[in-house]
>>> print(open('query.cif').read())   # mmCIF, C-alpha atoms
data_entry
loop_
_atom_site.label_atom_id
_atom_site.label_comp_id
_atom_site.auth_asym_id
_atom_site.auth_seq_id
_atom_site.Cartn_x
_atom_site.Cartn_y
_atom_site.Cartn_z
CA MET A 1 0.00 0.00 0.00
CA ASN A 2 1.61 3.24 -1.08
CA VAL A 3 0.67 6.77 -0.09
CA GLU A 4 -1.15 7.55 -3.33
CA LEU A 5 -3.40 4.51 -3.09
CA ILE A 6 -4.26 5.17 0.57
CA SER A 7 -5.11 8.82 -0.08
CA PHE A 8 -7.14 7.77 -3.14
CA LEU A 9 -9.17 5.35 -1.01
CA VAL A 10 -9.76 8.03 1.67
CA VAL A 11 -10.96 10.59 -0.90
CA ALA A 12 -13.09 7.98 -2.69
CA GLY A 13 -14.65 7.02 0.65
CA VAL A 14 -15.47 10.68 1.35
CA ALA A 15 -17.02 10.98 -2.12
CA VAL A 16 -19.27 7.93 -1.76
CA ALA A 17 -20.22 8.75 1.86
CA SER A 18 -21.13 12.35 1.02
CA ALA A 19 -23.18 11.15 -1.98
CA VAL A 20 -25.13 8.69 0.18
CA LEU A 21 -25.64 11.33 2.89
CA MET A 22 -26.77 13.75 0.18
CA ILE A 23 -29.70 11.59 -0.95
CA THR A 24 -30.72 10.57 2.58
CA ARG A 25 -31.03 14.05 4.16
CA GLN A 26 -34.53 15.41 4.76
CA ASN A 27 -33.43 19.05 4.67
CA PRO A 28 -32.32 20.15 1.14
CA VAL A 29 -29.78 22.62 2.60
CA PHE A 30 -27.82 19.72 4.13
CA SER A 31 -28.14 17.82 0.83
CA ALA A 32 -26.59 20.79 -0.98
CA LEU A 33 -23.74 21.03 1.54
CA TYR A 34 -22.96 17.31 1.22
CA LEU A 35 -23.04 17.67 -2.57
CA ILE A 36 -20.45 20.48 -2.29
CA LEU A 37 -18.27 18.14 -0.20
CA ASN A 38 -18.70 15.51 -2.91
CA PHE A 39 -17.68 18.01 -5.63
CA PHE A 40 -14.56 18.92 -3.67
CA SER A 41 -13.53 15.29 -3.26
CA ILE A 42 -14.04 14.74 -7.00
CA ALA A 43 -11.83 17.80 -7.62
CA VAL A 44 -9.12 16.12 -5.51
CA LEU A 45 -9.50 12.98 -7.63
CA TYR A 46 -8.99 15.13 -10.75
CA LEU A 47 -5.70 16.27 -9.20
CA PHE A 48 -4.73 12.62 -8.71
CA LEU A 49 -5.36 12.21 -12.44
CA ARG A 50 -3.15 15.26 -13.23
CA ALA A 51 -6.11 17.24 -14.61
CA GLN A 52 -5.30 20.52 -12.85
CA PHE A 53 -7.38 22.80 -15.04
CA ILE A 54 -10.52 20.66 -14.75
CA ALA A 55 -9.99 20.42 -10.97
CA VAL A 56 -10.00 24.23 -10.68
CA ILE A 57 -13.03 24.50 -13.01
CA GLN A 58 -14.80 21.87 -10.88
CA ILE A 59 -14.34 23.99 -7.75
CA THR A 60 -15.13 27.39 -9.26
CA VAL A 61 -18.04 26.42 -11.54
CA TYR A 62 -19.58 23.39 -9.81
CA ALA A 63 -18.87 23.87 -6.10
CA GLY A 64 -18.97 27.64 -6.54
CA ALA A 65 -21.47 28.89 -9.11
CA ILE A 66 -23.89 25.98 -9.55
CA MET A 67 -24.19 25.11 -5.87
CA VAL A 68 -24.65 28.76 -4.90
CA LEU A 69 -27.55 28.79 -7.40
CA PHE A 70 -29.00 25.68 -5.75
CA LEU A 71 -28.67 27.12 -2.23
CA PHE A 72 -30.17 30.39 -3.47
CA VAL A 73 -33.24 28.59 -4.86
CA ILE A 74 -33.63 26.43 -1.71
CA MET A 75 -33.59 29.52 0.46
CA LEU A 76 -35.79 31.50 -1.96
CA LEU A 77 -38.50 28.81 -1.81
CA ASN A 78 -37.99 28.62 2.00
CA LEU A 79 -39.83 25.34 2.52
CA GLY A 80 -40.82 24.84 6.15
CA GLU A 81 -40.93 21.49 7.92
CA GLY A 82 -44.52 20.90 6.80
CA ALA A 83 -43.93 21.79 3.15
CA LEU A 84 -40.95 19.45 2.70
CA PRO A 85 -41.98 16.21 0.97
CA LYS A 86 -41.56 13.34 3.40
CA TRP A 87 -39.86 10.18 2.17
CA LYS A 88 -42.56 7.56 1.75
CA PHE A 89 -41.96 3.85 1.31
CA THR A 90 -43.69 2.35 -1.73
CA ASN A 91 -43.18 -0.91 -3.60
CA ARG A 92 -42.25 1.06 -6.71
CA ARG A 93 -39.36 2.72 -4.87
CA LEU A 94 -38.19 -0.59 -3.41
CA LEU A 95 -38.21 -2.08 -6.91
CA ALA A 96 -36.22 0.92 -8.21
CA VAL A 97 -33.54 0.45 -5.53
CA ILE A 98 -33.35 -3.32 -6.13
CA LEU A 99 -33.01 -2.88 -9.89
CA THR A 100 -30.33 -0.21 -9.48
CA LEU A 101 -28.34 -2.40 -7.10
CA THR A 102 -28.68 -5.28 -9.57
CA LEU A 103 -27.23 -3.05 -12.28
CA LEU A 104 -24.37 -2.15 -9.92
CA ALA A 105 -23.69 -5.81 -9.13
CA GLU A 106 -23.61 -6.62 -12.83
CA VAL A 107 -21.42 -3.75 -13.93
CA VAL A 108 -18.81 -3.49 -11.14
CA PRO A 109 -17.13 -6.92 -11.62
CA LEU A 110 -17.09 -6.32 -15.35
CA PHE A 111 -15.31 -2.96 -15.03
CA TRP A 112 -13.09 -4.33 -12.29
CA LEU A 113 -11.77 -7.04 -14.57
CA ALA A 114 -11.72 -5.03 -17.79
CA PHE A 115 -9.50 -2.15 -16.61
CA ALA A 116 -7.43 -3.77 -13.86
CA ASN A 117 -4.13 -3.75 -15.74
CA ARG A 118 -4.22 -0.25 -17.19
CA SER A 119 -1.78 2.20 -15.59
CA ILE A 120 -1.69 5.98 -15.99
CA SER A 121 -0.23 7.32 -19.24
CA PRO A 122 3.26 8.89 -19.04
CA HIS A 123 1.87 11.89 -20.97
CA SER A 124 -0.87 12.55 -18.41
CA GLU A 125 1.13 15.33 -16.76
CA GLN A 126 1.37 17.26 -20.04
CA ILE A 127 -2.27 17.03 -21.14
CA GLY A 128 -3.95 18.39 -18.00
CA THR A 129 -2.26 21.79 -17.90
CA VAL A 130 -3.98 25.05 -18.85
CA GLU A 131 -1.58 25.41 -21.78
CA ALA A 132 -2.36 22.00 -23.26
CA ILE A 133 -6.13 22.32 -22.71
CA GLY A 134 -6.11 25.82 -24.21
CA LYS A 135 -4.16 24.71 -27.28
CA THR A 136 -6.50 21.76 -27.92
CA LEU A 137 -9.61 23.82 -27.19
CA PHE A 138 -8.75 26.70 -29.50
CA HIS A 139 -7.24 24.64 -32.33
CA GLU A 140 -9.31 21.49 -32.70
CA TYR A 141 -12.44 22.37 -30.76
CA LEU A 142 -12.91 26.05 -31.58
CA PHE A 143 -16.33 25.63 -33.21
CA PRO A 144 -17.88 23.62 -30.34
CA PHE A 145 -16.46 26.24 -27.98
CA GLU A 146 -18.30 29.00 -29.86
CA VAL A 147 -21.49 26.92 -29.96
CA THR A 148 -21.29 26.64 -26.15
CA SER A 149 -21.76 30.40 -25.94
CA PHE A 150 -25.10 30.02 -27.78
CA VAL A 151 -26.11 27.26 -25.34
CA LEU A 152 -25.40 29.59 -22.44
CA LEU A 153 -27.26 32.45 -24.14
CA ALA A 154 -30.29 30.23 -24.77
CA ALA A 155 -30.20 29.01 -21.16
CA MET A 156 -30.05 32.60 -19.90
CA VAL A 157 -33.03 33.70 -22.01
CA GLY A 158 -34.94 30.55 -21.05
CA ALA A 159 -34.29 30.97 -17.34
CA ILE A 160 -35.41 34.61 -17.41
CA LEU A 161 -38.59 33.73 -19.36
CA LEU A 162 -39.46 30.81 -17.06
CA ALA A 163 -38.87 32.71 -13.84
CA LYS A 164 -40.91 35.73 -14.98
CA LYS A 165 -43.91 36.66 -12.86
CA ARG A 166 -46.75 35.55 -15.17
CA PHE A 167 -47.11 33.80 -18.48
CA GLU A 168 -49.40 35.85 -20.73
CA MET B 1 5.99 4.59 -8.08
CA LYS B 2 3.10 2.17 -8.23
CA MET B 3 -0.01 3.74 -9.74
CA ILE B 4 -3.70 3.38 -9.00
CA PRO B 5 -5.30 1.00 -11.55
CA LEU B 6 -7.90 2.51 -13.87
CA SER B 7 -10.53 0.09 -12.54
CA TYR B 8 -10.58 1.92 -9.17
CA TYR B 9 -11.74 5.13 -10.83
CA ILE B 10 -14.32 3.37 -13.00
CA VAL B 11 -15.78 1.47 -10.04
CA LEU B 12 -15.87 4.63 -7.93
CA SER B 13 -17.72 6.53 -10.63
CA THR B 14 -20.12 3.58 -11.07
CA LEU B 15 -20.87 3.77 -7.33
CA LEU B 16 -21.49 7.52 -7.51
CA PHE B 17 -23.68 7.10 -10.59
CA THR B 18 -25.73 4.41 -8.82
CA VAL B 19 -26.26 6.67 -5.81
CA GLY B 20 -27.46 9.36 -8.23
CA VAL B 21 -29.85 6.94 -9.96
CA VAL B 22 -31.28 5.80 -6.61
CA GLY B 23 -31.75 9.47 -5.67
CA VAL B 24 -33.60 10.29 -8.89
CA LEU B 25 -35.84 7.20 -8.64
CA THR B 26 -36.75 7.35 -4.96
CA LEU B 27 -36.74 10.98 -3.81
CA ARG B 28 -39.74 13.29 -3.97
CA ASN B 29 -38.16 16.72 -3.51
CA ALA B 30 -37.54 18.14 -7.00
CA ILE B 31 -34.49 20.13 -5.87
CA VAL B 32 -32.73 17.07 -4.41
CA ILE B 33 -33.63 15.04 -7.53
CA PHE B 34 -31.91 17.78 -9.49
CA MET B 35 -28.84 17.51 -7.26
CA SER B 36 -28.77 13.74 -7.91
CA ILE B 37 -28.65 14.49 -11.64
CA GLU B 38 -25.64 16.75 -11.02
CA LEU B 39 -24.05 13.87 -9.09
CA MET B 40 -24.54 11.56 -12.07
CA LEU B 41 -23.04 14.15 -14.43
CA ASN B 42 -20.03 14.38 -12.12
CA SER B 43 -19.50 10.65 -12.00
CA VAL B 44 -19.46 10.52 -15.79
CA ASN B 45 -16.99 13.43 -15.83
CA LEU B 46 -14.75 11.42 -13.52
CA THR B 47 -14.86 8.51 -15.96
CA LEU B 48 -13.95 10.80 -18.86
CA ILE B 49 -11.02 12.34 -17.00
CA ALA B 50 -9.79 8.91 -15.90
CA PHE B 51 -9.86 7.53 -19.44
CA SER B 52 -8.25 10.75 -20.73
CA ALA B 53 -5.37 10.49 -18.25
CA TYR B 54 -4.88 6.77 -18.71
CA SER B 55 -4.83 6.90 -22.50
CA GLY B 56 -2.92 10.20 -22.76
CA ASP B 57 -5.60 11.89 -24.88
CA PRO B 58 -6.69 15.47 -24.05
CA ALA B 59 -10.06 15.11 -25.87
CA GLY B 60 -11.68 13.68 -22.74
CA GLN B 61 -10.78 16.76 -20.73
CA ILE B 62 -12.21 19.04 -23.44
CA LEU B 63 -15.44 17.02 -23.33
CA VAL B 64 -15.58 17.46 -19.54
CA PHE B 65 -15.15 21.22 -20.07
CA PHE B 66 -18.19 21.24 -22.38
CA VAL B 67 -20.18 19.01 -20.01
CA ILE B 68 -19.55 21.48 -17.18
CA ALA B 69 -20.67 24.39 -19.38
CA VAL B 70 -23.85 22.56 -20.41
CA ALA B 71 -24.49 21.50 -16.79
CA ALA B 72 -24.33 25.15 -15.74
CA ALA B 73 -26.92 26.06 -18.40
CA GLU B 74 -29.05 23.04 -17.51
CA SER B 75 -29.09 23.86 -13.79
CA ALA B 76 -30.09 27.49 -14.50
CA VAL B 77 -33.05 26.38 -16.68
CA GLY B 78 -34.00 23.51 -14.34
CA LEU B 79 -34.07 25.69 -11.25
CA ALA B 80 -36.13 28.28 -13.14
CA ILE B 81 -38.62 25.48 -13.97
CA ILE B 82 -38.71 24.44 -10.29
CA ILE B 83 -39.39 28.06 -9.28
CA ALA B 84 -42.18 28.28 -11.90
CA ILE B 85 -43.72 25.01 -10.63
CA PHE B 86 -43.50 26.20 -7.04
CA ARG B 87 -45.17 29.50 -7.95
CA ASN B 88 -48.11 27.72 -9.65
CA ARG B 89 -48.54 24.66 -7.39
CA LEU B 90 -46.91 25.78 -4.09
CA THR B 91 -45.04 22.49 -3.91
CA VAL B 92 -41.75 20.92 -5.00
CA ASN B 93 -43.04 17.38 -4.42
CA VAL B 94 -42.81 15.55 -7.74
CA ASP B 95 -45.61 13.15 -6.75
CA GLU B 96 -48.05 16.06 -6.68
CA VAL B 97 -46.90 17.52 -10.01
CA ASN B 98 -48.64 14.87 -12.11
CA ILE B 99 -50.75 16.81 -14.59
CA LEU B 100 -48.86 15.28 -17.56
CA LYS B 101 -49.11 11.77 -16.08
CA TRP B 102 -51.82 9.30 -16.93
#
>>> encode(input="query.cif", output="structure tokens")
Amino acid sequence: MNVELISFLVVAGVAVASAVLMITRQNPVFSALYLILNFFSIAVLYLFLRAQFIAVIQITVYAGAIMVLFLFVIMLLNLGEGALPKWKFTNRRLLAVILTLTLLAEVVPLFWLAFANRSISPHSEQIGTVEAIGKTLFHEYLFPFEVTSFVLLAAMVGAILLAKKRFE
Amino acid sequence: MKMIPLSYYIVLSTLLFTVGVVGVLTLRNAIVIFMSIELMLNSVNLTLIAFSAYSGDPAGQILVFFVIAVAAAESAVGLAIIIAIFRNRLTVNVDEVNILKW
């Protein structure tokens, strides 16, 4: 057991535990905070994979911007104890959990065997830097990058229209 | 230095994805369902970054960049929809928002 493997297992444990805690909390504010913890642990995993730029983007955009939006909406709606939907046991939900766990049990051994012998590429330290990402983004993927700006514009217009006071 | 095998990352992201699926299928609060979707997006991003690093190809990281941009747009529109639903129905319980369900 080397240091990298032990720290990977610790961070992975934090990620899974915070994800499970996220879906089991009654109060959505706690769910959001556990999701932020999960995003931070995934950012640490990106650093293990030498993807520095994506790790920083993960923290600023996901843990920063998107989760602030979530917390803002939770507090804007200000659901009291009575208005929060209580978790109710139904057969349909039990079936959903059983089927999902079956999928997990099928897929995990498969992935475990399929990728056990792959080790990290020697070039991984060069491809995760801002310089390398920027060069690839603005040479090979310039058009998709420009299209993304239209996606964001459409989302902005859509969000403003949807959140307007009244539909006429 | 001995490296972490790729299978560890894939299994971890499968676990996170499964937690997200369970959240979407069993929860009733629309906001937390939405957070579970973000969790699933993140687990797929982790897979993409892992494959990108292990095969030495930067395309996976570019794809994650676009996924994050689209996720930001998606969460803005989705939360606006939740606010619109709450304004009309005074609830975020997805079991009560069933007007399109037969």
>>> closest_atom_pairs(input="query.cif", of="chain B", to="chain A", cutoff="7 Å", atoms="all atoms listed in the file", output="CSV")
residue,atom,partner,partner_atom,distance
B:Met3,CA,A:Ser119,CA,6.3
B:Ile4,CA,A:Leu5,CA,6.0
B:Pro5,CA,A:Ser119,CA,5.5
B:Leu6,CA,A:Phe115,CA,5.6
B:Ser7,CA,A:Phe115,CA,4.8
B:Ile10,CA,A:Phe111,CA,6.7
B:Val11,CA,A:Val108,CA,5.9
B:Leu12,CA,A:Ala12,CA,6.8
B:Leu16,CA,A:Val16,CA,6.2
B:Thr18,CA,A:Thr100,CA,6.6
B:Val19,CA,A:Val20,CA,6.4
B:Val22,CA,A:Val97,CA,5.9
B:Gly23,CA,A:Ile23,CA,5.6
B:Leu25,CA,A:Ala96,CA,6.3
B:Thr26,CA,A:Arg93,CA,5.3
B:Leu27,CA,A:Trp87,CA,6.8
B:Arg28,CA,A:Pro85,CA,6.2
B:Asn29,CA,A:Pro85,CA,5.9
B:Val32,CA,A:Pro28,CA,6.4
B:Ala50,CA,A:Leu49,CA,6.5
B:Ala53,CA,A:Ser124,CA,5.0
B:Tyr54,CA,A:Ile120,CA,4.3
B:Ser55,CA,A:Ser121,CA,5.7
B:Gly56,CA,A:Ser121,CA,5.3
B:Pro58,CA,A:Ile127,CA,5.5
B:Ile62,CA,A:Leu137,CA,6.6
B:Ala72,CA,A:Ile66,CA,6.3
B:Ala73,CA,A:Ala155,CA,5.2
B:Ala76,CA,A:Ala159,CA,6.1
B:Val77,CA,A:Ala159,CA,4.8
B:Ala80,CA,A:Ala163,CA,5.3
B:Ile81,CA,A:Leu162,CA,6.2
B:Ile83,CA,A:Ala163,CA,6.5
B:Ala84,CA,A:Ala163,CA,5.9
B:Asn93,CA,A:Pro85,CA,5.6
>>> write_last_selection(input="query.cif", atoms="C-alpha atoms", output="short mmCIF file (atom, residue, chain, number, x, y, z; two decimals), keeping the file's coordinate frame")
data_model
loop_
_atom_site.label_atom_id
_atom_site.label_comp_id
_atom_site.auth_asym_id
_atom_site.auth_seq_id
_atom_site.Cartn_x
_atom_site.Cartn_y
_atom_site.Cartn_z
CA MET B 3 -0.01 3.74 -9.74
CA ILE B 4 -3.70 3.38 -9.00
CA PRO B 5 -5.30 1.00 -11.55
CA LEU B 6 -7.90 2.51 -13.87
CA SER B 7 -10.53 0.09 -12.54
CA ILE B 10 -14.32 3.37 -13.00
CA VAL B 11 -15.78 1.47 -10.04
CA LEU B 12 -15.87 4.63 -7.93
CA LEU B 16 -21.49 7.52 -7.51
CA THR B 18 -25.73 4.41 -8.82
CA VAL B 19 -26.26 6.67 -5.81
CA VAL B 22 -31.28 5.80 -6.61
CA GLY B 23 -31.75 9.47 -5.67
CA LEU B 25 -35.84 7.20 -8.64
CA THR B 26 -36.75 7.35 -4.96
CA LEU B 27 -36.74 10.98 -3.81
CA ARG B 28 -39.74 13.29 -3.97
CA ASN B 29 -38.16 16.72 -3.51
CA VAL B 32 -32.73 17.07 -4.41
CA ALA B 50 -9.79 8.91 -15.90
CA ALA B 53 -5.37 10.49 -18.25
CA TYR B 54 -4.88 6.77 -18.71
CA SER B 55 -4.83 6.90 -22.50
CA GLY B 56 -2.92 10.20 -22.76
CA PRO B 58 -6.69 15.47 -24.05
CA ILE B 62 -12.21 19.04 -23.44
CA ALA B 72 -24.33 25.15 -15.74
CA ALA B 73 -26.92 26.06 -18.40
CA ALA B 76 -30.09 27.49 -14.50
CA VAL B 77 -33.05 26.38 -16.68
CA ALA B 80 -36.13 28.28 -13.14
CA ILE B 81 -38.62 25.48 -13.97
CA ILE B 83 -39.39 28.06 -9.28
CA ALA B 84 -42.18 28.28 -11.90
CA ASN B 93 -43.04 17.38 -4.42
#
>>> atom_distance(input="query.cif", atom1="CA of Phe17 in chain B", atom2="CA of Val147 in chain A")
27.8 Å
>>> closest_residue(input="query.cif", among="B:Ala69, B:Val64, B:Leu90, B:Leu100", to="Val44 in chain B", atoms="all atoms listed in the file")
B:Val64
>>> atom_distance(input="query.cif", atom1="CA of Glu38 in chain B", atom2="CA of Ala71 in chain B")
7.6 Å
>>> closest_residue(input="query.cif", among="B:Met40, B:Met35, B:Ala30, B:Ile49", to="Tyr9 in chain B", atoms="all atoms listed in the file")
B:Ile49
>>> atom_distance(input="query.cif", atom1="CA of Glu74 in chain B", atom2="CA of Val92 in chain B")
18.0 Å
>>> closest_residue(input="query.cif", among="A:Val68, A:Asn91, A:Glu81, A:Phe40", to="Val56 in chain A", atoms="only C-alpha atoms")
A:Phe40
>>> decode(input="query.cif", residues="range 15-50 of chain A", atoms="N, CA and C atoms", output="mmCIF file, in the first residue's frame")
data_model
loop_
_atom_site.group_PDB
_atom_site.id
_atom_site.type_symbol
_atom_site.label_atom_id
_atom_site.label_comp_id
_atom_site.auth_asym_id
_atom_site.auth_seq_id
_atom_site.Cartn_x
_atom_site.Cartn_y
_atom_site.Cartn_z
ATOM 1 N N ALA A 15 -16.112 10.705 -1.009
ATOM 2 C CA ALA A 15 -17.020 10.985 -2.122
ATOM 3 C C ALA A 15 -18.281 10.129 -2.031
ATOM 4 N N VAL A 16 -18.107 8.817 -1.802
ATOM 5 C CA VAL A 16 -19.275 7.927 -1.756
ATOM 6 C C VAL A 16 -20.124 8.245 -0.523
ATOM 7 N N ALA A 17 -19.464 8.471 0.635
ATOM 8 C CA ALA A 17 -20.217 8.745 1.858
ATOM 9 C C ALA A 17 -21.015 10.029 1.727
ATOM 10 N N SER A 18 -20.397 11.086 1.149
ATOM 11 C CA SER A 18 -21.132 12.350 1.022
ATOM 12 C C SER A 18 -22.266 12.211 0.011
ATOM 13 N N ALA A 19 -22.085 11.361 -1.023
ATOM 14 C CA ALA A 19 -23.183 11.153 -1.984
ATOM 15 C C ALA A 19 -24.354 10.452 -1.315
ATOM 16 N N VAL A 20 -24.046 9.413 -0.500
ATOM 17 C CA VAL A 20 -25.129 8.685 0.180
ATOM 18 C C VAL A 20 -25.828 9.608 1.180
ATOM 19 N N LEU A 21 -25.037 10.394 1.932
ATOM 20 C CA LEU A 21 -25.644 11.327 2.887
ATOM 21 C C LEU A 21 -26.486 12.363 2.160
ATOM 22 N N MET A 22 -26.034 12.742 0.932
ATOM 23 C CA MET A 22 -26.766 13.754 0.178
ATOM 24 C C MET A 22 -28.187 13.290 -0.133
ATOM 25 N N ILE A 23 -28.348 12.026 -0.572
ATOM 26 C CA ILE A 23 -29.702 11.594 -0.952
ATOM 27 C C ILE A 23 -30.517 11.149 0.242
ATOM 28 N N THR A 24 -29.924 11.023 1.441
ATOM 29 C CA THR A 24 -30.716 10.572 2.582
ATOM 30 C C THR A 24 -31.123 11.706 3.517
ATOM 31 N N ARG A 25 -30.652 12.945 3.254
ATOM 32 C CA ARG A 25 -31.033 14.047 4.157
ATOM 33 C C ARG A 25 -32.458 14.504 3.860
ATOM 34 N N GLN A 26 -33.175 14.875 4.921
ATOM 35 C CA GLN A 26 -34.530 15.407 4.763
ATOM 36 C C GLN A 26 -34.486 16.869 4.342
ATOM 37 N N ASN A 27 -33.528 17.615 4.928
ATOM 38 C CA ASN A 27 -33.433 19.053 4.667
ATOM 39 C C ASN A 27 -32.575 19.298 3.424
ATOM 40 N N PRO A 28 -33.107 19.959 2.385
ATOM 41 C CA PRO A 28 -32.322 20.146 1.144
ATOM 42 C C PRO A 28 -31.054 20.973 1.333
ATOM 43 N N VAL A 29 -31.008 21.835 2.382
ATOM 44 C CA VAL A 29 -29.778 22.616 2.600
ATOM 45 C C VAL A 29 -28.623 21.685 2.941
ATOM 46 N N PHE A 30 -28.877 20.677 3.796
ATOM 47 C CA PHE A 30 -27.823 19.717 4.125
ATOM 48 C C PHE A 30 -27.440 18.903 2.895
ATOM 49 N N SER A 31 -28.446 18.538 2.080
ATOM 50 C CA SER A 31 -28.143 17.823 0.835
ATOM 51 C C SER A 31 -27.176 18.626 -0.015
ATOM 52 N N ALA A 32 -27.445 19.937 -0.153
ATOM 53 C CA ALA A 32 -26.591 20.792 -0.976
ATOM 54 C C ALA A 32 -25.182 20.850 -0.401
ATOM 55 N N LEU A 33 -25.069 20.942 0.942
ATOM 56 C CA LEU A 33 -23.737 21.030 1.538
ATOM 57 C C LEU A 33 -22.957 19.725 1.338
ATOM 58 N N TYR A 34 -23.649 18.574 1.468
ATOM 59 C CA TYR A 34 -22.963 17.306 1.222
ATOM 60 C C TYR A 34 -22.564 17.179 -0.243
ATOM 61 N N LEU A 35 -23.399 17.724 -1.147
ATOM 62 C CA LEU A 35 -23.043 17.669 -2.569
ATOM 63 C C LEU A 35 -21.794 18.519 -2.833
ATOM 64 N N ILE A 36 -21.663 19.656 -2.134
ATOM 65 C CA ILE A 36 -20.455 20.477 -2.289
ATOM 66 C C ILE A 36 -19.232 19.688 -1.820
ATOM 67 N N LEU A 37 -19.374 18.979 -0.687
ATOM 68 C CA LEU A 37 -18.265 18.135 -0.201
ATOM 69 C C LEU A 37 -17.897 17.091 -1.254
ATOM 70 N N ASN A 38 -18.929 16.505 -1.874
ATOM 71 C CA ASN A 38 -18.700 15.506 -2.913
ATOM 72 C C ASN A 38 -17.947 16.118 -4.098
ATOM 73 N N PHE A 39 -18.350 17.351 -4.513
ATOM 74 C CA PHE A 39 -17.675 18.005 -5.630
ATOM 75 C C PHE A 39 -16.210 18.282 -5.296
ATOM 76 N N PHE A 40 -15.954 18.667 -4.043
ATOM 77 C CA PHE A 40 -14.561 18.925 -3.666
ATOM 78 C C PHE A 40 -13.741 17.643 -3.711
ATOM 79 N N SER A 41 -14.316 16.521 -3.244
ATOM 80 C CA SER A 41 -13.529 15.288 -3.261
ATOM 81 C C SER A 41 -13.289 14.837 -4.699
ATOM 82 N N ILE A 42 -14.269 15.086 -5.595
ATOM 83 C CA ILE A 42 -14.038 14.736 -7.002
ATOM 84 C C ILE A 42 -12.951 15.634 -7.596
ATOM 85 N N ALA A 43 -12.902 16.917 -7.163
ATOM 86 C CA ALA A 43 -11.827 17.803 -7.623
ATOM 87 C C ALA A 43 -10.464 17.267 -7.192
ATOM 88 N N VAL A 44 -10.379 16.719 -5.965
ATOM 89 C CA VAL A 44 -9.119 16.121 -5.513
ATOM 90 C C VAL A 44 -8.758 14.915 -6.378
ATOM 91 N N LEU A 45 -9.778 14.137 -6.754
ATOM 92 C CA LEU A 45 -9.502 12.983 -7.633
ATOM 93 C C LEU A 45 -8.988 13.445 -8.990
ATOM 94 N N TYR A 46 -9.507 14.585 -9.494
ATOM 95 C CA TYR A 46 -8.987 15.130 -10.752
ATOM 96 C C TYR A 46 -7.514 15.484 -10.603
ATOM 97 N N LEU A 47 -7.124 15.971 -9.414
ATOM 98 C CA LEU A 47 -5.705 16.273 -9.198
ATOM 99 C C LEU A 47 -4.875 14.991 -9.195
ATOM 100 N N PHE A 48 -5.421 13.910 -8.635
ATOM 101 C CA PHE A 48 -4.726 12.617 -8.710
ATOM 102 C C PHE A 48 -4.496 12.211 -10.165
ATOM 103 N N LEU A 49 -5.463 12.561 -11.024
ATOM 104 C CA LEU A 49 -5.363 12.206 -12.443
ATOM 105 C C LEU A 49 -4.607 13.261 -13.241
ATOM 106 N N ARG A 50 -3.964 14.207 -12.574
ATOM 107 C CA ARG A 50 -3.151 15.261 -13.227
ATOM 108 C C ARG A 50 -3.984 16.161 -14.134
#
